[in-house]
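Data file: target.txt. Format and content: compact mmCIF, C-alpha atoms.
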```
# COMPACT_ATOMS: atom_id res chain seq x y z
CA MET O 34 98.04 198.31 33.46
CA PRO O 35 96.52 196.34 36.37
CA VAL O 36 99.25 193.66 36.25
CA LEU O 37 102.06 196.18 36.94
CA LYS O 38 99.94 197.72 39.70
CA TRP O 39 99.60 194.33 41.47
CA ILE O 40 103.31 193.72 41.13
CA ARG O 41 103.97 197.11 42.72
CA TYR O 42 101.62 196.34 45.62
CA GLY O 43 103.27 192.94 46.07
CA ALA O 44 106.75 194.49 46.15
CA TRP O 45 105.71 197.01 48.79
CA ALA O 46 104.09 194.23 50.84
CA GLY O 47 107.42 192.38 50.68
CA VAL O 48 109.31 195.44 51.92
CA VAL O 49 106.91 195.78 54.86
CA LEU O 50 107.29 192.09 55.72
CA VAL O 51 111.08 192.16 55.60
CA SER O 52 111.18 195.33 57.71
CA PHE O 53 108.86 193.76 60.28
CA VAL O 54 110.89 190.58 60.55
CA GLY O 55 114.10 192.62 60.80
CA ALA O 56 112.64 194.76 63.57
CA ALA O 57 111.40 191.68 65.43
CA ILE O 58 114.84 190.05 65.26
CA LEU O 59 116.49 193.27 66.47
CA LEU O 60 114.00 193.58 69.35
CA GLY O 61 114.50 189.94 70.28
CA TRP O 62 118.28 190.30 70.30
CA TRP O 63 117.98 193.50 72.37
CA GLN O 64 115.94 191.83 75.07
CA VAL O 65 117.61 188.43 75.20
CA ASP O 66 121.27 189.03 74.36
CA GLY O 67 121.61 192.79 73.93
CA PRO O 68 121.72 195.69 76.37
CA GLY O 69 118.01 195.34 77.22
CA ARG O 70 118.26 191.89 78.83
CA SER O 71 117.14 191.37 82.41
CA PRO O 72 119.55 189.96 85.04
CA ALA O 73 117.48 186.76 85.14
CA GLY O 74 117.65 186.47 81.37
CA ARG O 75 121.38 187.03 81.48
CA ALA O 76 121.76 184.09 83.85
CA ALA O 77 119.54 181.90 81.69
CA VAL O 78 121.56 182.75 78.59
CA GLN O 79 124.76 181.71 80.34
CA GLY O 80 123.10 178.56 81.64
CA VAL O 81 123.62 179.58 85.27
CA PRO O 82 120.50 179.45 87.42
CA ALA O 83 119.91 182.33 89.82
CA ILE O 84 120.88 180.33 92.93
CA GLY O 85 122.26 181.97 96.03
CA GLY O 86 121.74 185.49 97.22
CA PRO O 87 121.57 187.65 100.26
CA PHE O 88 121.13 186.09 103.68
CA THR O 89 121.43 187.25 107.26
CA LEU O 90 122.07 184.49 109.79
CA VAL O 91 123.82 183.82 113.09
CA ASP O 92 126.96 181.70 113.29
CA GLN O 93 127.80 179.17 116.01
CA THR O 94 129.59 181.83 118.04
CA GLY O 95 126.43 183.95 118.14
CA ARG O 96 127.70 186.54 115.65
CA THR O 97 125.31 187.86 113.01
CA VAL O 98 126.70 187.32 109.52
CA THR O 99 125.54 188.05 105.99
CA ASP O 100 126.49 186.65 102.61
CA ALA O 101 128.69 189.74 102.12
CA ASP O 102 130.95 188.56 104.97
CA TYR O 103 131.99 185.60 102.80
CA ARG O 104 132.51 187.53 99.55
CA GLY O 105 135.97 186.82 98.21
CA LYS O 106 135.86 183.19 99.32
CA PRO O 107 134.44 180.30 97.35
CA LEU O 108 131.73 178.61 99.39
CA ALA O 109 130.41 175.10 99.86
CA VAL O 110 126.91 175.63 101.24
CA PHE O 111 124.55 172.92 102.39
CA PHE O 112 121.46 172.57 104.50
CA GLY O 113 121.04 170.18 107.40
CA PHE O 114 120.22 169.89 111.09
CA THR O 115 121.87 168.38 114.12
CA HIS O 116 119.06 165.86 114.85
CA CYS O 117 120.10 164.14 111.67
CA PRO O 118 122.03 160.90 112.02
CA GLU O 119 122.33 160.22 108.33
CA VAL O 120 122.95 162.84 105.67
CA CYS O 121 124.48 165.62 107.68
CA PRO O 122 127.43 163.78 109.24
CA THR O 123 128.01 162.02 105.93
CA THR O 124 128.15 165.30 104.02
CA LEU O 125 130.38 166.98 106.60
CA VAL O 126 132.83 164.08 106.54
CA GLN O 127 132.78 163.91 102.74
CA MET O 128 133.55 167.62 102.46
CA ALA O 129 136.47 167.16 104.87
CA ASN O 130 137.72 164.23 102.75
CA LEU O 131 137.52 166.32 99.59
CA THR O 132 139.33 169.32 101.02
CA GLY O 133 141.87 166.97 102.60
CA LYS O 134 142.61 165.40 99.22
CA ILE O 135 143.01 168.79 97.55
CA GLY O 136 145.28 169.98 100.35
CA ALA O 137 146.37 173.56 100.91
CA ALA O 138 144.77 174.66 97.64
CA ALA O 139 141.39 174.08 99.30
CA ASP O 140 142.15 176.44 102.19
CA PRO O 141 140.18 179.36 100.71
CA LEU O 142 137.02 177.21 100.58
CA GLN O 143 134.52 178.16 103.27
CA ILE O 144 132.11 175.37 104.23
CA LEU O 145 128.75 176.61 105.53
CA LEU O 146 126.17 174.36 107.17
CA ILE O 147 122.85 176.21 107.32
CA THR O 148 120.41 174.55 109.70
CA VAL O 149 116.87 173.94 108.53
CA ASP O 150 115.84 173.43 112.16
CA PRO O 151 116.56 176.75 113.93
CA GLU O 152 114.07 175.92 116.70
CA ARG O 153 116.37 173.19 118.04
CA ASP O 154 119.68 174.30 116.52
CA THR O 155 120.75 177.23 118.62
CA PRO O 156 124.26 178.64 118.09
CA GLU O 157 125.37 176.70 121.19
CA GLN O 158 123.92 173.46 119.83
CA LEU O 159 125.67 174.00 116.48
CA ALA O 160 128.98 174.79 118.20
CA LEU O 161 128.85 171.53 120.16
CA TYR O 162 127.82 169.55 117.09
CA LEU O 163 130.59 170.95 114.90
CA GLN O 164 133.29 169.96 117.40
CA SER O 165 133.25 166.55 115.73
CA PHE O 166 134.04 167.89 112.28
CA ASP O 167 136.49 169.98 110.27
CA PRO O 168 137.09 173.12 112.38
CA ARG O 169 136.72 175.30 109.28
CA VAL O 170 133.01 174.49 109.01
CA VAL O 171 130.80 177.38 110.03
CA GLY O 172 127.31 176.53 111.26
CA LEU O 173 124.58 179.07 110.62
CA THR O 174 121.19 179.44 112.25
CA GLY O 175 118.81 182.34 112.88
CA SER O 176 115.13 183.05 113.19
CA ARG O 177 112.69 180.91 111.23
CA GLN O 178 112.26 183.86 108.82
CA GLN O 179 116.01 184.27 108.33
CA VAL O 180 116.45 180.56 107.64
CA ASP O 181 113.47 180.51 105.27
CA ALA O 182 114.96 183.47 103.39
CA ALA O 183 118.28 181.62 102.99
CA LEU O 184 116.42 178.50 101.80
CA ALA O 185 114.52 180.59 99.25
CA ALA O 186 117.72 182.27 98.02
CA TYR O 187 119.25 178.86 97.37
CA LYS O 188 116.03 177.40 95.94
CA ALA O 189 116.43 174.72 98.60
CA TYR O 190 113.73 172.66 100.23
CA ALA O 191 112.99 171.90 103.86
CA LYS O 192 109.85 170.64 105.53
CA LYS O 193 109.05 169.71 109.09
CA ILE O 194 107.62 166.18 109.35
CA PRO O 195 105.86 165.28 112.60
CA THR O 196 106.80 161.90 114.09
CA GLU O 197 105.41 159.89 116.96
CA ASN O 198 107.78 161.51 119.43
CA GLY O 199 108.62 164.87 117.86
CA TYR O 200 109.56 165.78 114.35
CA THR O 201 112.19 165.32 111.68
CA MET O 202 113.13 167.44 108.68
CA ASP O 203 113.06 166.62 105.00
CA HIS O 204 115.67 168.75 103.28
CA SER O 205 117.78 169.29 100.18
CA ALA O 206 120.84 167.10 100.43
CA SER O 207 123.06 168.68 97.77
CA VAL O 208 126.10 170.88 98.33
CA TYR O 209 126.03 174.26 96.55
CA LEU O 210 129.42 175.44 95.29
CA MET O 211 129.49 179.22 95.06
CA LYS O 212 132.16 181.37 93.42
CA ALA O 213 134.15 183.96 95.36
CA ASP O 214 132.00 186.71 93.83
CA GLY O 215 128.86 185.13 95.28
CA GLY O 216 127.65 183.65 91.99
CA PHE O 217 126.48 180.06 91.66
CA ARG O 218 129.00 177.62 90.16
CA THR O 219 127.63 174.08 90.49
CA MET O 220 126.23 171.49 92.89
CA ILE O 221 127.44 168.19 94.31
CA ASP O 222 124.69 165.60 94.60
CA TYR O 223 124.43 163.43 97.69
CA HIS O 224 125.41 160.23 95.92
CA GLU O 225 127.92 161.78 93.55
CA ASP O 226 131.12 159.81 93.11
CA GLU O 227 134.25 161.19 94.66
CA ALA O 228 136.20 161.86 91.44
CA SER O 229 133.43 164.05 90.09
CA ALA O 230 132.91 165.86 93.40
CA LEU O 231 136.66 166.51 93.64
CA GLU O 232 136.72 168.02 90.17
CA LYS O 233 133.82 170.31 91.06
CA VAL O 234 135.52 171.55 94.21
CA ARG O 235 138.72 172.18 92.24
CA MET O 236 136.64 174.04 89.66
CA VAL O 237 135.17 176.45 92.21
CA LEU O 238 138.63 177.04 93.68
CA ARG O 239 140.06 178.14 90.33
CA MET N 88 104.27 152.97 121.39
CA LYS N 89 103.52 149.42 122.42
CA ARG N 90 106.38 148.18 120.31
CA PHE N 91 108.76 150.26 122.30
CA ALA N 92 106.98 149.92 125.61
CA ILE N 93 109.35 147.07 126.27
CA GLY N 94 112.06 149.75 126.28
CA THR N 95 112.99 149.75 129.93
CA ALA N 96 112.26 146.08 130.39
CA GLY N 97 114.33 145.40 127.32
CA VAL N 98 117.32 147.22 128.74
CA ALA N 99 117.04 145.25 131.95
CA LEU N 100 116.72 142.08 129.95
CA SER N 101 119.72 142.92 127.80
CA LEU N 102 121.81 143.62 130.87
CA ALA N 103 120.64 140.58 132.80
CA ALA N 104 120.49 138.08 130.00
CA TYR N 105 123.34 139.48 128.02
CA ALA N 106 124.89 136.32 126.70
CA PRO N 107 125.40 136.71 122.98
CA ASN N 108 126.12 133.50 121.17
CA PRO N 109 128.30 134.84 118.43
CA VAL N 110 128.34 132.76 115.31
CA ARG N 111 131.55 134.55 114.39
CA ALA N 112 133.45 137.36 116.03
CA HIS N 113 130.65 139.86 115.86
CA ASP N 114 127.60 138.07 114.59
CA TYR N 115 124.52 136.96 116.45
CA ALA N 116 121.72 134.51 115.85
CA VAL N 117 118.18 134.04 117.06
CA GLY N 118 116.16 131.18 115.63
CA PRO N 119 116.80 131.12 111.88
CA LEU N 120 117.91 134.78 111.88
CA LYS N 121 121.56 135.75 111.60
CA ILE N 122 122.50 139.26 112.66
CA GLY N 123 125.67 140.47 110.96
CA HIS N 124 128.05 143.04 112.42
CA PRO N 125 125.84 145.58 114.18
CA TRP N 126 127.54 148.97 114.31
CA ALA N 127 126.71 152.59 114.99
CA ARG N 128 128.17 155.90 114.06
CA ALA N 129 129.85 158.01 116.68
CA SER N 130 127.66 161.00 117.49
CA PRO N 131 128.75 164.62 117.80
CA PRO N 132 128.65 165.95 121.39
CA SER N 133 125.29 167.69 121.13
CA ALA N 134 123.52 165.16 118.92
CA LYS N 135 120.40 163.63 120.43
CA VAL N 136 120.19 160.83 117.90
CA GLY N 137 122.46 158.20 116.43
CA GLY N 138 122.24 155.71 113.59
CA GLY N 139 122.64 151.95 114.04
CA TYR N 140 123.29 149.52 111.20
CA LEU N 141 123.42 145.75 110.69
CA ALA N 142 122.41 142.95 108.38
CA ILE N 143 119.65 140.45 109.13
CA GLU N 144 119.69 137.19 107.22
CA ASN N 145 116.65 134.95 107.39
CA THR N 146 117.85 131.38 106.83
CA GLY N 147 114.50 129.85 107.74
CA PRO N 148 111.44 129.03 105.63
CA GLU N 149 109.12 131.50 107.37
CA PRO N 150 108.93 135.29 106.99
CA ASP N 151 109.76 137.32 110.06
CA ARG N 152 109.55 140.96 110.97
CA LEU N 153 111.76 143.28 113.00
CA VAL N 154 109.28 145.20 115.11
CA GLY N 155 111.42 147.13 117.57
CA GLY N 156 114.27 147.17 119.98
CA SER N 157 115.91 148.96 122.83
CA THR N 158 119.36 149.99 123.94
CA GLU N 159 121.12 150.98 127.11
CA GLY N 160 122.53 153.95 125.22
CA ALA N 161 119.32 155.80 124.38
CA ALA N 162 115.75 156.27 125.53
CA ARG N 163 114.28 154.58 122.46
CA VAL N 164 115.15 152.63 119.36
CA GLU N 165 113.08 153.33 116.28
CA ILE N 166 113.26 151.79 112.82
CA HIS N 167 113.77 154.49 110.21
CA GLU N 168 114.32 154.62 106.51
CA SER N 169 116.06 157.42 104.64
CA SER N 170 115.46 157.91 100.96
CA LEU N 171 116.83 160.38 98.45
CA ALA N 172 114.61 161.65 95.64
CA ASP N 173 115.02 164.80 93.56
CA GLY N 174 117.95 165.86 95.71
CA ILE N 175 115.82 165.83 98.84
CA MET N 176 116.58 163.49 101.72
CA ARG N 177 113.55 162.21 103.57
CA MET N 178 113.46 160.11 106.70
CA ARG N 179 110.42 158.14 107.81
CA GLU N 180 109.75 155.91 110.77
CA ARG N 181 108.73 152.38 109.85
CA THR N 182 106.11 152.13 112.57
CA ASP N 183 104.99 148.69 111.39
CA GLY N 184 108.52 147.37 111.49
CA VAL N 185 110.26 145.84 108.55
CA ALA N 186 109.80 142.40 106.98
CA VAL N 187 112.64 139.87 106.73
CA PRO N 188 111.50 137.46 104.00
CA PRO N 189 112.80 133.89 104.08
CA GLY N 190 116.08 133.39 102.28
CA GLN N 191 116.83 137.08 102.15
CA THR N 192 119.24 139.44 103.84
CA LEU N 193 118.01 142.80 104.98
CA GLU N 194 120.72 145.46 105.06
CA PHE N 195 120.58 148.40 107.39
CA LYS N 196 123.11 150.93 106.12
CA PRO N 197 123.70 154.68 105.91
CA GLY N 198 121.29 156.36 103.51
CA GLY N 199 118.66 153.63 103.84
CA LEU N 200 117.20 151.57 106.65
CA HIS N 201 118.68 152.30 110.05
CA LEU N 202 118.04 151.90 113.73
CA MET N 203 117.46 155.37 115.10
CA LEU N 204 118.77 155.69 118.63
CA VAL N 205 116.63 158.51 120.02
CA ASP N 206 117.55 160.67 123.01
CA LEU N 207 121.07 159.39 123.50
CA LYS N 208 122.07 159.21 127.16
CA ALA N 209 125.65 160.09 126.22
CA PRO N 210 127.43 160.67 122.92
CA LEU N 211 128.40 157.48 121.12
CA LYS N 212 132.19 157.37 121.07
CA GLN N 213 134.29 155.58 118.52
CA GLY N 214 135.45 152.25 119.95
CA ASP N 215 132.51 151.98 122.36
CA LYS N 216 130.30 148.93 122.41
CA VAL N 217 126.64 149.64 123.03
CA LYS N 218 124.34 146.88 124.22
CA ALA N 219 120.97 146.65 122.55
CA THR N 220 118.17 144.23 121.89
CA LEU N 221 116.19 143.59 118.77
CA VAL N 222 112.64 142.25 118.85
CA PHE N 223 111.33 140.05 116.04
CA GLU N 224 107.72 139.07 115.60
CA ARG N 225 108.47 135.36 115.24
CA ALA N 226 112.03 134.75 116.42
CA GLY N 227 111.67 136.85 119.54
CA THR N 228 114.30 138.95 121.27
CA VAL N 229 118.04 138.93 120.70
CA ALA N 230 120.76 140.77 122.57
CA ILE N 231 123.38 142.41 120.37
CA GLU N 232 126.22 144.86 120.72
CA LEU N 233 126.69 147.83 118.41
CA GLN N 234 130.33 148.65 117.69
CA VAL N 235 130.75 152.40 117.43
CA GLN N 236 132.68 153.59 114.36
CA GLY N 237 133.79 157.08 113.39
CA VAL N 238 131.46 160.02 112.90
CA GLY N 239 130.04 159.88 109.41
CA ALA N 240 131.59 156.48 108.74
CA PRO N 241 130.09 155.21 105.49
CA GLN N 242 130.35 151.53 106.42
CA PRO N 243 131.65 149.32 109.19
CA ALA N 244 135.39 149.23 109.50
CA ALA N 245 136.88 145.99 108.26
CA THR N 246 137.01 143.73 111.28
CA GLY N 247 137.67 140.49 109.50
CA HIS N 248 134.08 139.34 109.73
CA THR N 249 132.41 137.75 106.77
CA ARG N 250 128.76 138.39 106.42
CA HIS N 251 127.78 136.88 103.12
```

What is this structure when it is put down as structure tokens?
Amino acid sequence: MPVLKWIRYGAWAGVVLVSFVGAAILLGWWQVDGPGRSPAGRAAVQGVPAIGGPFTLVDQTGRTVTDADYRGKPLAVFFGFTHCPEVCPTTLVQMANLTGKIGAAADPLQILLITVDPERDTPEQLALYLQSFDPRVVGLTGSRQQVDAALAAYKAYAKKIPTENGYTMDHSASVYLMKADGGFRTMIDYHEDEASALEKVRMVLR
Amino acid sequence: MKRFAIGTAGVALSLAAYAPNPVRAHDYAVGPLKIGHPWARASPPSAKVGGGYLAIENTGPEPDRLVGGSTEGAARVEIHESSLADGIMRMRERTDGVAVPPGQTLEFKPGGLHLMLVDLKAPLKQGDKVKATLVFERAGTVAIELQVQGVGAPQPAATGHTRH
């Protein structure tokens, strides 16, 4: 009976199709959500970009430090340079205002200014510059390679722009808020209003 | 450089001919231009640059252009503009100066247009008054005084002046 034969073939084809789809779904789950997922995929699934990471830099006292030295403390990290009359003092003062408003609860927060201009920003230069700001701010510099590695870890941008009498730096103006375990939490934009910035700092302190 | 070649001469001029004719407590005028509350931010000890801010109102019928300036407090005065795009702050020198159209007020303020005091002779200290000159294409030169506010001050402290 050819009709029954075709029905049998059709049924088997259906079984194959269902098995294939099932296997594909299982494989997909394994790689995206299951045990087989990559660290990058894990971050993407949780909606947390892979920002931050290892760095080795020199603080304003001349001591070599790494990201591991700040593990256990939430961080507010931003990039700047001392030949910067605009963004950098503004950001430093804003961070001091925020921590001041939060009070003692903000004490664990470590503020890190990483220079994008290590050629001019020696540890001594940073130390002098930071005298005008919250004493808890640590300034970090290093070799060009060390600074570039830190920029890359934070997916931040900096570019030297020649001027008539020297150069200036274009650079990322946001503040990165990092959790005590070193993971990325959120960012504060340069023009963000104070209420929202305050809430973000409180969030990373929790 | 020619715009700033008047640098040294300008300082001498500002010192010799320093006779501001304040319209109000801390405003200046040259021709149809009114200069409102010039101020600067205090600079950290090691900073080589400082930002100066003011408002320029053109009450006349003709366009004018701020082309340069000088100050006793720094080697040079440049006109710069900061702009934020995609989270990146950029700063560019306005080498051609900046236009002051008739009937308009040009605001120099943090995060935008500013006078860049380059190679400060000494840190700018809060409470200081720094003499400077501005040079306009049409209206000529005017002596002003920058009042130094706190480091990172977002705007001039309220001094009772009315600008608008």

* Asked: Which residue out of N:Leu193, N:Val154, N:Lys212, N:Ala161 has the minimum interatomic distance to N:Arg181 when all atoms listed in the file are used?
  ->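 Looking only at the distances to N:Arg181, the closest residue turns out to be N:Val154.
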
* Between O:Ala228, O:Arg153, O:Thr115, O:Ile135, single out the one closest to chain N, counting all atoms listed in the file. =>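 The shortest atom-to-atom distance to chain N comes from O:Thr115.
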
Can you check which parts of chain O lie within 8 Å of chain N? Per residue, the shortest pair of atoms and distance in Å to one decimal, counting only C-alpha atoms, sorted by chain and number, as a Markdown table.
```
| residue | atom | partner | partner_atom | distance |
| --- | --- | --- | --- | --- |
| O:Thr115 | CA | N:Ala134 | CA | 6.0 |
| O:His116 | CA | N:Val136 | CA | 6.0 |
| O:Cys117 | CA | N:Val136 | CA | 7.1 |
| O:Pro118 | CA | N:Gly137 | CA | 5.2 |
| O:Glu119 | CA | N:Pro197 | CA | 6.2 |
| O:Val120 | CA | N:Gly198 | CA | 7.0 |
| O:Pro122 | CA | N:Gly239 | CA | 4.7 |
| O:Thr123 | CA | N:Gly239 | CA | 4.6 |
| O:Thr124 | CA | N:Gly239 | CA | 7.9 |
| O:Leu125 | CA | N:Gly239 | CA | 7.6 |
| O:Val126 | CA | N:Gly239 | CA | 5.8 |
| O:Gln158 | CA | N:Ser133 | CA | 6.1 |
| O:Leu159 | CA | N:Ser133 | CA | 7.8 |
| O:Leu161 | CA | N:Ser133 | CA | 5.3 |
| O:Tyr162 | CA | N:Pro131 | CA | 5.1 |
| O:Leu163 | CA | N:Pro131 | CA | 7.2 |
| O:Gln164 | CA | N:Pro131 | CA | 7.0 |
| O:Ser165 | CA | N:Pro131 | CA | 5.3 |
| O:Tyr190 | CA | N:Ile175 | CA | 7.3 |
| O:Thr196 | CA | N:Glu180 | CA | 7.5 |
| O:Thr201 | CA | N:Met178 | CA | 7.3 |
| O:Met202 | CA | N:Arg177 | CA | 7.3 |
| O:Asp203 | CA | N:Arg177 | CA | 4.7 |
| O:His204 | CA | N:Ile175 | CA | 5.3 |
| O:Ser205 | CA | N:Ile175 | CA | 4.2 |
| O:Ala206 | CA | N:Ile175 | CA | 5.4 |
| O:Ser207 | CA | N:Gly174 | CA | 6.2 |
| O:Asp222 | CA | N:Gly174 | CA | 6.8 |
| O:Tyr223 | CA | N:Gly174 | CA | 7.2 |
```

* To do: To one decimal in Å, tell me the separation between atom CA of O:Glu157 and atom CA of O:Asp102.
  => 20.9 Å

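All residues of protein, DNA or RNA that reach within 12 Å of O:Gly95, judged by all atoms listed in the file and not counting those fewer than 4 positions away in the chain, are Leu90, Val91, Asp154, Thr155, Pro156, Glu157, Gln158, Leu159, Ala160, Val171, Gly172, Leu173, Thr174 and Gly175 of chain O.
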
So that I have them on file, write out the residues from the current selection with C-alpha atoms, as a compact mmCIF listing (two decimals), in the frame of the given file.
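And here is the file that came out, again-v3.txt:
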```txt
# COMPACT_ATOMS: atom_id res chain seq x y z
CA LEU O 90 122.07 184.49 109.79
CA VAL O 91 123.82 183.82 113.09
CA ASP O 154 119.68 174.30 116.52
CA THR O 155 120.75 177.23 118.62
CA PRO O 156 124.26 178.64 118.09
CA GLU O 157 125.37 176.70 121.19
CA GLN O 158 123.92 173.46 119.83
CA LEU O 159 125.67 174.00 116.48
CA ALA O 160 128.98 174.79 118.20
CA VAL O 171 130.80 177.38 110.03
CA GLY O 172 127.31 176.53 111.26
CA LEU O 173 124.58 179.07 110.62
CA THR O 174 121.19 179.44 112.25
CA GLY O 175 118.81 182.34 112.88
```

* Asked: In Å to one decimal, how far is atom CA of O:Glu225 from atom CA of O:Asp181?
  ->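 Going from atom CA of O:Asp181 over to atom CA of O:Glu225, I get 26.4 Å.
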
* One-decimal distance in Å that lies between atom CA of O:Gly136 and atom CA of O:Gly86 ->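 Taking atom CA of O:Gly86 and atom CA of O:Gly136, their separation equals 28.4 Å.
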
* Among the residues N:Ala142, N:Gly156, N:Trp126, N:Gly147, the one that comes closest to N:Val222 [using only C-alpha atoms] -> N:Gly156
